[in-house]
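Contents: one structure, followed by commentary.
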6 protein chains.
Amino acid sequence: MKIVCFGEIMLRLSPPNYERFVQANKFNVVYGGGEANVSVSLANYNLPVSFVTKLPDNLIGQAALNDLRKFGVDTSFIPRGGKRLGIYYLEKGFSQRPSKVVYDRAYSSVSESRVEDFDFDKIFEGATWFHFTGISPALGNNVAEVVKKACKTAKKLGVKISCDLNYRKNLWSREEAQNCMTELMEYVDVVIANEEDADMVFGIKADKSDIEKGVLEHSAYEDVAKKLKDKFNFEKVAITLRTSISACDNNWAALLYNGDEFYLSKEYKMHIVDRVGGGDSFGAGLIYGILNGFSDKDTIEYAAAASCLKHSIEGDYNQVSVDEVKALMAGDSTGRVKR
Amino acid sequence: MKIVCFGEIMLRLSPPNYERFVQANKFNVVYGGGEANVSVSLANYNLPVSFVTKLPDNLIGQAALNDLRKFGVDTSFIPRGGKRLGIYYLEKGFSQRPSKVVYDRAYSSVSESRVEDFDFDKIFEGATWFHFTGISPALGNNVAEVVKKACKTAKKLGVKISCDLNYRKNLWSREEAQNCMTELMEYVDVVIANEEDADMVFGIKADKSDIEKGVLEHSAYEDVAKKLKDKFNFEKVAITLRTSISACDNNWAALLYNGDEFYLSKEYKMHIVDRVGGGDSFGAGLIYGILNGFSDKDTIEYAAAASCLKHSIEGDYNQVSVDEVKALMAGDSTGRVKR
Amino acid sequence: MKIVCFGEIMLRLSPPNYERFVQANKFNVVYGGGEANVSVSLANYNLPVSFVTKLPDNLIGQAALNDLRKFGVDTSFIPRGGKRLGIYYLEKGFSQRPSKVVYDRAYSSVSESRVEDFDFDKIFEGATWFHFTGISPALGNNVAEVVKKACKTAKKLGVKISCDLNYRKNLWSREEAQNCMTELMEYVDVVIANEEDADMVFGIKADKSDIEKGVLEHSAYEDVAKKLKDKFNFEKVAITLRTSISACDNNWAALLYNGDEFYLSKEYKMHIVDRVGGGDSFGAGLIYGILNGFSDKDTIEYAAAASCLKHSIEGDYNQVSVDEVKALMAGDSTGRVKR
Amino acid sequence: MKIVCFGEIMLRLSPPNYERFVQANKFNVVYGGGEANVSVSLANYNLPVSFVTKLPDNLIGQAALNDLRKFGVDTSFIPRGGKRLGIYYLEKGFSQRPSKVVYDRAYSSVSESRVEDFDFDKIFEGATWFHFTGISPALGNNVAEVVKKACKTAKKLGVKISCDLNYRKNLWSREEAQNCMTELMEYVDVVIANEEDADMVFGIKADKSDIEKGVLEHSAYEDVAKKLKDKFNFEKVAITLRTSISACDNNWAALLYNGDEFYLSKEYKMHIVDRVGGGDSFGAGLIYGILNGFSDKDTIEYAAAASCLKHSIEGDYNQVSVDEVKALMAGDSTGRVKR
Amino acid sequence: MKIVCFGEIMLRLSPPNYERFVQANKFNVVYGGGEANVSVSLANYNLPVSFVTKLPDNLIGQAALNDLRKFGVDTSFIPRGGKRLGIYYLEKGFSQRPSKVVYDRAYSSVSESRVEDFDFDKIFEGATWFHFTGISPALGNNVAEVVKKACKTAKKLGVKISCDLNYRKNLWSREEAQNCMTELMEYVDVVIANEEDADMVFGIKADKSDIEKGVLEHSAYEDVAKKLKDKFNFEKVAITLRTSISACDNNWAALLYNGDEFYLSKEYKMHIVDRVGGGDSFGAGLIYGILNGFSDKDTIEYAAAASCLKHSIEGDYNQVSVDEVKALMAGDSTGRVKR
Amino acid sequence: MKIVCFGEIMLRLSPPNYERFVQANKFNVVYGGGEANVSVSLANYNLPVSFVTKLPDNLIGQAALNDLRKFGVDTSFIPRGGKRLGIYYLEKGFSQRPSKVVYDRAYSSVSESRVEDFDFDKIFEGATWFHFTGISPALGNNVAEVVKKACKTAKKLGVKISCDLNYRKNLWSREEAQNCMTELMEYVDVVIANEEDADMVFGIKADKSDIEKGVLEHSAYEDVAKKLKDKFNFEKVAITLRTSISACDNNWAALLYNGDEFYLSKEYKMHIVDRVGGGDSFGAGLIYGILNGFSDKDTIEYAAAASCLKHSIEGDYNQVSVDEVKALMAGDSTGRVKR
């Protein structure tokens, strides 16, 4: 068993202690990005994972690579070269003050990578799963080509494919997204989306929900899941359901649809340490459940519990073990001290 | 357009991470004080502001001055001299444990400043607004004389005047306050008070409220506003309404009375990063609204939203932009990440 | 008046800012342990306290000793020697993620201490109260012997004895605990327990409560208190009642039974800075109330308020004054700034 | 009197405490860059300075701007727009381990700025001095055009011009540098260079020196100065003379040539806190001396003393006052406490 | 045996990591002051010491008191009251940049203390030594009276008295110092001075030395010692000899004169972590040697070695043990790791 | 090619910023230990390395393991179990104040490991080199047996063996060391020792040197090398030569003897960030040189340069690349900025 993820890892710079950018004379340094986050989370479940990206051949690129290795992620298929490591600046919000993300990811090594940089036949040797997100093709046509090549090779080798739609309006328009993602969806077995993605990328809406007002009608999302399934014939459609009460408090649940049944997970009322990577940790939980043959019900509960825990952890990565996720799944949500 | 604020800026020393004073081997260093806070907040709205005070001619005074300049506040009317920069020690409370303030502000340069230190005719050149608080006259008769001189000059030059009553029981008795403030009120166009101030300074009470019990009858404060207006013939009376649930959680709203109508703002349920300067950020919001010709309703909503955001920001200063305040006014209070 | 506490003080190492162990490149350093915590808390109430333990004769042992002295705790009866200072690693939980404690306390100087290390006749000179917890005898038979010797000497000299049951499953089995603690209970005047202790050590249960589910039927604990009293003929039985909503939010109350009446304290809804030492701060509050002749009602309210405040304070020790506890007892729980 | 500097300000990220990049989970954040450093240094001497650059219209650009304002630098001629703030990563060396700089400055707002972004007639209103460095034209032809326009306008308005050659091999080749800089030199009155610049840009060498071996024959640099003067007919040529003993210890002196006489400053044996910006602080000292009518001897001593002090100060900026520089010039180099 | 010290303890605030005041957003917090430093140093040698001062009855005063207790210093004779704790701001210098001290000590509780605040008969019960410095009488006539009263009482009870001249030009003029100190010298048995004190206070100079140039002729100081002895008939005169090479590097030695012989200690070439309190640690070493019956040679070597070590320790206090001082006295100055 | 190292990795706790233990409220956390340090250093040279130890199956053990993985060290042969991770507390010295190490390593998982825990046939598959130090057998007879087993297996499989004598007086007596190490030496091809080791373990002395006085006669060590070679018939003997000037300044060189010739490296005058692991980084450099077929001269220069750089790096590990070592070997020791 081996999982391959392709995508970007960035340097994340964030002021400590809820300071604003303008107040900070120190930035906390972590590394992360959609698919890197999925990789690390899976590695923390003791699954063999290979993360594929392109990193600059300088000391900052090396620091990102070492950070991945720390968790046991295989980094041997990462070519080195290009101009720079992408950056995102994160100012954490609090209460009514929203978090701010300033992206500085253009011209990164991976965003300028090309099909020739990767030998996917070799990369997928022994692999059983491939994961990517909608961020990668949005980085540029060249990267979209890389993703397509990866998908084709995976398909050819019988590797299952999951995709988190992850629409990023700063990277491409809805039209560009729709064109590109529609083409990629033909390879995808399991799709992951949040409340906005399906609408933004494919124009599929949860009619009755009004996300900004903090009200979510979970049932409405069954409709979205069904439409996605119908349109692309996915094996499974998973949707995360976030209700933002404030920058510190969110409710969190998720839905899985297998074409027959809808499974709605437990809803968690969360205080938040760091919500970035919440969706990615959900994706990793989902893949873990499927690869371990969990029932669909258990799979969605595992993924929801895993990603609930992520919100209590600093940085992009979900740093929890299988045992910890299972304890929460089993209902131990009281936060009592484990001695 | 130019706004002038006169008052004290202090060095604020506070233990990090909710430590008690006795635990701390580091203090976080910020600078602040009622009128300085108003100045910085207005400068962050891109208004031209001049802060007037007196600072010691040493490196600590310079640090305070540089901090003001950082936000674009004009500091060219600050004479240098006197003995020291005033200090306040702040121990942040948490949950049932209240915050503690230990003042060490006696003998500060501004508290020993005199009328001769300031050339108000020059200071108010081009000014449209003057703001002071009840803290300044409480620093001593000499400072009360300075404030009186400022008010007279402002009035003479057609500058509008706002005053935040800001009663400080450590600085003067209720009698002293009443005598001095009554005299100053004749110059004031817009007055700002919180639940306690009107009572402490002028004996005007919100009968039905029981602040300590965390219960506020907002309507009761309409009465207070009306009595203030009737007594001093202010153009506008603004009252902030804080309900303290714990040191971490407050509800916050405000009331504006223009002699005809009462406007009650939306109430915000806030988690708190730093509640010091909350009232000052309200004052700045109010002045912003009035100077920009907002309706009274919009003015009180802007001021309430601005000061709600302040509670999420470390330090005395409100470090938010007009756009951020307007987004919250417009109802975006869910703290969702802005990418 | 003098209080003597015997037990262990450990080095506590914890990652800052809710980091997980694997993320930390710094550990916050404090010192603490059940009986040391009671000692410091009592010293902070300006009571004369002597803490008795054994510390290694190295610089780490010295650091622990200096830390006790800082609060005015008498350390003159602490022999120096043995191998090491015990350690516990604490990873603070958040929301649904529980706190983790990794103990590394075996082979500590006190856990290998023997009766000959302590001259209890001298130690108890002028003493009026002796406090120990169930952790000490659990450290080993040798320490159980020390505790027994201390109890006997105290009893002989007319010193009142309190014991916090504090069952630690990592240190001994329920059978070992029951055997040893039953023998020690004959000396004890005041016993303190939490929801689990009475069950774990003596098999006395609160039938109707389901702690893990976060539901506490307070009345059920009256039963537990009564059974404890009946079995060992204590003067007073005190029980802390914690409802864990999440790692950040707990409800907290306590019960005192004097053989005649049950006194249930006010319940506090707490946000939590550090819940370790919560029970110990309760014990110290209880002892303070009894030694100062408070009524039973006031005693349990004082103990509950004191330990409520502890949850807002970093580290094992409760660093609050009598005035602060009394202010909370008197109903000031809104966390408003004290200037 | 007003000084105008044009150039780039970057975000500088550096691991604390001599950590390597790969070890850091925090970066210290300062802002700096050749001409920004000169600006701040001059502002710290209480001279009116305007720094001209282009900054992105995001929160990171704002933080850089606020940092300039803190020191009283005028920022009113900085257009906002473009893609990003340039970055440089600095890993501080120690002893035999050299400092490492990783540049990530491509595509910055200023590097993509154009002549139309700046109204130099307005910018130079009231100006007496213009300073730029060889870094700016190296950013791209468009920026070289901006610099040329600035030089022409300055010349037209009778503003004196200084240039620090500052050759950066990562930005352009020696040929490109020579072509562009030769053209610009016709406008320059005062030129500043270090041991390498004259060689790299104009092929003018100090034959006998062997910089890498830590040996400097100061006299050899008189030759370089003379050749520069002869070639471009500068009013003054200033050369900094650094002897690197280790990353912690440097010797530092400077040379001024006015066409008639050579003035060699005192040599300082320095321990180093931060050597970045050493040359820029020299330039600022030189400009200060000239603008204040110092003799050439005093000018070079002032510039050398100022830049010696810079090496003891964290960050790019030289944060010292005129009094402090003069005290060192006067021979007080023993570092005794000033009370 | 008991030592009593009277004087001031202040809050010391200093920017971390060689930052300048204007750069700091954190201050390191320690407590210290001439006589407090002597007290803590002696307590670290396991001698019983009582420090006498007056502290404000607030949380900052309590923090200072707890800090003294940490080292085992007796604080039971410290009255609480008055206005404030004195402060000094310390900016640490580096290389050619000198350290800066900004005092903010006026109106402190001890500087406004009076004879009635202290019961010296009780304080000196069981005491064998009394130490004060020239700083205390300089705080004001009232404090000079307190010191005089202490000296008289000590003399009456046969307690030996040491005084460190410690001239502070910010506190009094040379004339004031001479008048007051001359009167106090009649009680003093052992006097301590540095290169400047004897000159500043009594006009006694080391003719040949030129301190600012970093050159010390040790023999010249024998003359100073002799003149001091001759004038006031001290038992012993001790003089510290500091050669400032830079803010990071000093040479350090000391001289003892007993009326018969001069003993010059070894000279130490020191790198410096914190030079504040260097003289105080010398005083404590001297007292330790005398009280333990060391020979004069050993006494001066102990004092010199102790104070050499102080320069490697952060904060005002000398935190070294007798064993550590003796190891250095014995010649182990290579800094090799002690495992 | 693969290198195997067997030994202990410990948690290292050290106060930041030259604080003493008693001052610290934070400890810096790194992981290290003789053989782990060699492993990481080799991994940083991009060699495949497997580190073999035993780690407790808890979160602290996991953190140590992740730290190794970060550098690409293979950890797949590390069994999990046993009681605890060993600790050492490091207080960094400065100038005349020596560093202090307090060991708390007894009962660690590896110190209680047994031959059955390791499958050396599998571990050495594909290996070309095995490295251990004298610390491991000193942990106990059981560990000595493990090392013996490892040596035998390595020998059997044709794997070269290096050993750093590394005598630790806290772990065993000279007699125990001599007995055990003599037996192990028969397997060793390359031995590494410092000035003390050969004497302490085998009674082989450098007669003329007087280490404590900071004087090293390099030639004397040729004698030691020769005697070691003669006694055990090693292929190569390498000796590190440290001259301690102070805790901040050391001179450093090394000697290699191949039976024919002595090669003395360049001597480096070092300022020190962290001298722990200096010897280990030398060992890694030596192994690198040999494995890459360097000449003996180049090998010793590489090893000396590598370990010189280590002294500038925080933590136990040497975090430098081959290029960086080679640059220093090539004479670039001036610490000039690399851009």
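All residue names refer to the structure tokens as shown: chains lettered A, B, ... in order, residues numbered from 1 in each chain, ligands numbered from 1 in order.
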
Fewer than 3 positions away in the same chain doesn't count, so skip those; otherwise give me all residues within 7 Å of Val49 of chain D, counting only C-alpha atoms, as number ranges by chain. D: 2-4, 39, 42-43, 73-74

What does the file look like for those residues with all heavy atoms, as a tab-separated table (two decimals), in the first residue's frame?
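And here is the file that came out, again.tsv:
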```tsv
chain	number	residue	atom	x	y	z
D	2	LYS	N	16.20	68.64	2.47
D	2	LYS	CA	15.47	67.37	2.41
D	2	LYS	C	16.31	66.39	1.60
D	2	LYS	O	16.92	66.77	0.60
D	2	LYS	CB	14.11	67.58	1.73
D	2	LYS	CG	13.21	66.35	1.80
D	2	LYS	CD	11.84	66.58	1.16
D	2	LYS	CE	11.78	65.95	-0.23
D	2	LYS	NZ	10.43	66.04	-0.86
D	3	ILE	N	16.30	65.16	2.05
D	3	ILE	CA	17.03	64.13	1.32
D	3	ILE	C	16.01	63.16	0.73
D	3	ILE	O	15.03	62.81	1.39
D	3	ILE	CB	17.99	63.38	2.27
D	3	ILE	CG1	18.94	64.37	2.92
D	3	ILE	CG2	18.75	62.29	1.52
D	3	ILE	CD1	19.15	64.13	4.37
D	4	VAL	N	16.26	62.77	-0.49
D	4	VAL	CA	15.40	61.79	-1.15
D	4	VAL	C	16.22	60.53	-1.43
D	4	VAL	O	17.35	60.63	-1.92
D	4	VAL	CB	14.83	62.33	-2.47
D	4	VAL	CG1	14.08	61.25	-3.24
D	4	VAL	CG2	13.94	63.53	-2.22
D	39	SER	N	17.89	55.89	4.45
D	39	SER	CA	16.82	56.81	4.83
D	39	SER	C	16.59	56.80	6.34
D	39	SER	O	16.50	57.83	6.98
D	39	SER	CB	15.51	56.41	4.13
D	39	SER	OG	15.67	56.43	2.74
D	42	LEU	N	19.42	58.39	8.32
D	42	LEU	CA	19.38	59.86	8.26
D	42	LEU	C	18.23	60.41	9.10
D	42	LEU	O	18.37	61.44	9.78
D	42	LEU	CB	19.25	60.32	6.80
D	42	LEU	CG	20.53	60.11	5.97
D	42	LEU	CD1	20.23	60.27	4.48
D	42	LEU	CD2	21.63	61.10	6.39
D	43	ALA	N	17.09	59.74	9.07
D	43	ALA	CA	15.95	60.19	9.89
D	43	ALA	C	16.31	60.12	11.37
D	43	ALA	O	15.92	60.97	12.16
D	43	ALA	CB	14.72	59.35	9.59
D	73	VAL	N	10.55	58.76	8.68
D	73	VAL	CA	10.79	58.85	7.24
D	73	VAL	C	9.49	59.22	6.53
D	73	VAL	O	8.44	58.63	6.82
D	73	VAL	CB	11.34	57.51	6.70
D	73	VAL	CG1	11.43	57.52	5.19
D	73	VAL	CG2	12.68	57.18	7.33
D	74	ASP	N	9.55	60.17	5.63
D	74	ASP	CA	8.37	60.54	4.85
D	74	ASP	C	8.07	59.46	3.82
D	74	ASP	O	8.96	59.05	3.05
D	74	ASP	CB	8.61	61.88	4.14
D	74	ASP	CG	7.49	62.22	3.17
D	74	ASP	OD1	6.31	62.07	3.54
D	74	ASP	OD2	7.81	62.62	2.03
```

Define the interface residues of chain C facing chain B as those within 7 Å, counting only C-alpha atoms, and report them as a PyMOL selection string. chain C and resi 270-271+309+312-314+333-339

Written selection (C-alpha atoms) as an mmCIF file, in the first residue's frame:
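Here's the written file out-v3.cif:
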```cif
data_model
loop_
_atom_site.group_PDB
_atom_site.id
_atom_site.type_symbol
_atom_site.label_atom_id
_atom_site.label_comp_id
_atom_site.auth_asym_id
_atom_site.auth_seq_id
_atom_site.Cartn_x
_atom_site.Cartn_y
_atom_site.Cartn_z
ATOM 1 C CA MET C 270 -14.877 28.061 33.576
ATOM 2 C CA HIS C 271 -12.686 28.724 30.575
ATOM 3 C CA LEU C 309 -9.509 30.773 40.056
ATOM 4 C CA SER C 312 -7.205 30.570 35.118
ATOM 5 C CA ILE C 313 -3.575 30.383 36.228
ATOM 6 C CA GLU C 314 -0.653 28.865 34.383
ATOM 7 C CA SER C 333 -17.193 36.642 38.670
ATOM 8 C CA THR C 334 -17.495 38.986 35.723
ATOM 9 C CA GLY C 335 -13.786 39.461 35.247
ATOM 10 C CA ARG C 336 -14.063 43.246 35.050
ATOM 11 C CA VAL C 337 -10.737 45.092 35.185
ATOM 12 C CA LYS C 338 -9.540 45.992 38.692
ATOM 13 C CA ARG C 339 -7.753 49.330 38.498
#
```

Point-to-point distance in Å for atom CA of Val110 of chain B and atom CA of Arg174 of chain B: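 Going from atom CA of Arg174 of chain B over to atom CA of Val110 of chain B, I get 22.2 Å.
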
Atom CA of Ser76 of chain A and atom CA of Phe51 of chain F are how many Å apart?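 Result for atom CA of Ser76 of chain A versus atom CA of Phe51 of chain F: 19.3 Å, one decimal.
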
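Here atom CA of Ser14 of chain B and atom CA of Lys70 of chain D stand 22.3 Å from one another.
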
Looking only at the backbone, which of the residues in segment 227-300 of chain D does DSSP tag as alpha helix (DSSP H), as a ChimeraX atom specification? /D:227-232,278-291,296-300

Name the residues of segment 78-246 of chain B that come out as strand (DSSP E or B) in a backbone DSSP run; write them as a PyMOL selection string. chain B and resi 80+84+87-91+94+97+100-104+108+129-133+160-164+190-193+210+215+236-244

Neighbouring residues of Asp260 of chain D were defined as those with any atom within 12 Å, considering only C-alpha atoms; residues of the same chain fewer than 3 positions away were excluded. Please report them as a list in words. Glu222, Ala225, Lys226, Lys229, Asp230, Glu235, Lys236, Val237, Leu256, Tyr257, Tyr263 and Asp296 of chain D

Create the file for the chosen residues now, containing C-alpha atoms and written as a compact mmCIF listing (two decimals), in the first residue's frame.
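Result saved to result-v2.txt:
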```
# COMPACT_ATOMS: atom_id res chain seq x y z
CA GLU D 222 43.87 55.14 -2.37
CA ALA D 225 39.69 55.99 -5.14
CA LYS D 226 41.93 57.97 -7.41
CA LYS D 229 37.70 60.00 -9.37
CA ASP D 230 39.76 60.29 -12.53
CA GLU D 235 33.46 65.37 -6.10
CA LYS D 236 34.22 62.78 -3.49
CA VAL D 237 34.96 59.10 -3.45
CA LEU D 256 37.64 59.57 1.67
CA TYR D 257 39.22 61.17 -1.36
CA TYR D 263 41.52 60.82 4.61
CA ASP D 296 36.40 65.90 5.03
```

What's around Pro137 of chain C at 12 Å? Count only C-alpha atoms, leave out sequence neighbours fewer than 3 positions away in its own chain, and write the answer as an MDAnalysis selection string. chainID C and resid 6:8 110:114 132:134 140:151 163:168 171:172 176:184

Give me the residues near Lys205 of chain D as a count of residues only, where near means some atom within 12 Å (using only C-alpha atoms) and where sequence neighbours in that chain fewer than 4 positions away do not count. 21
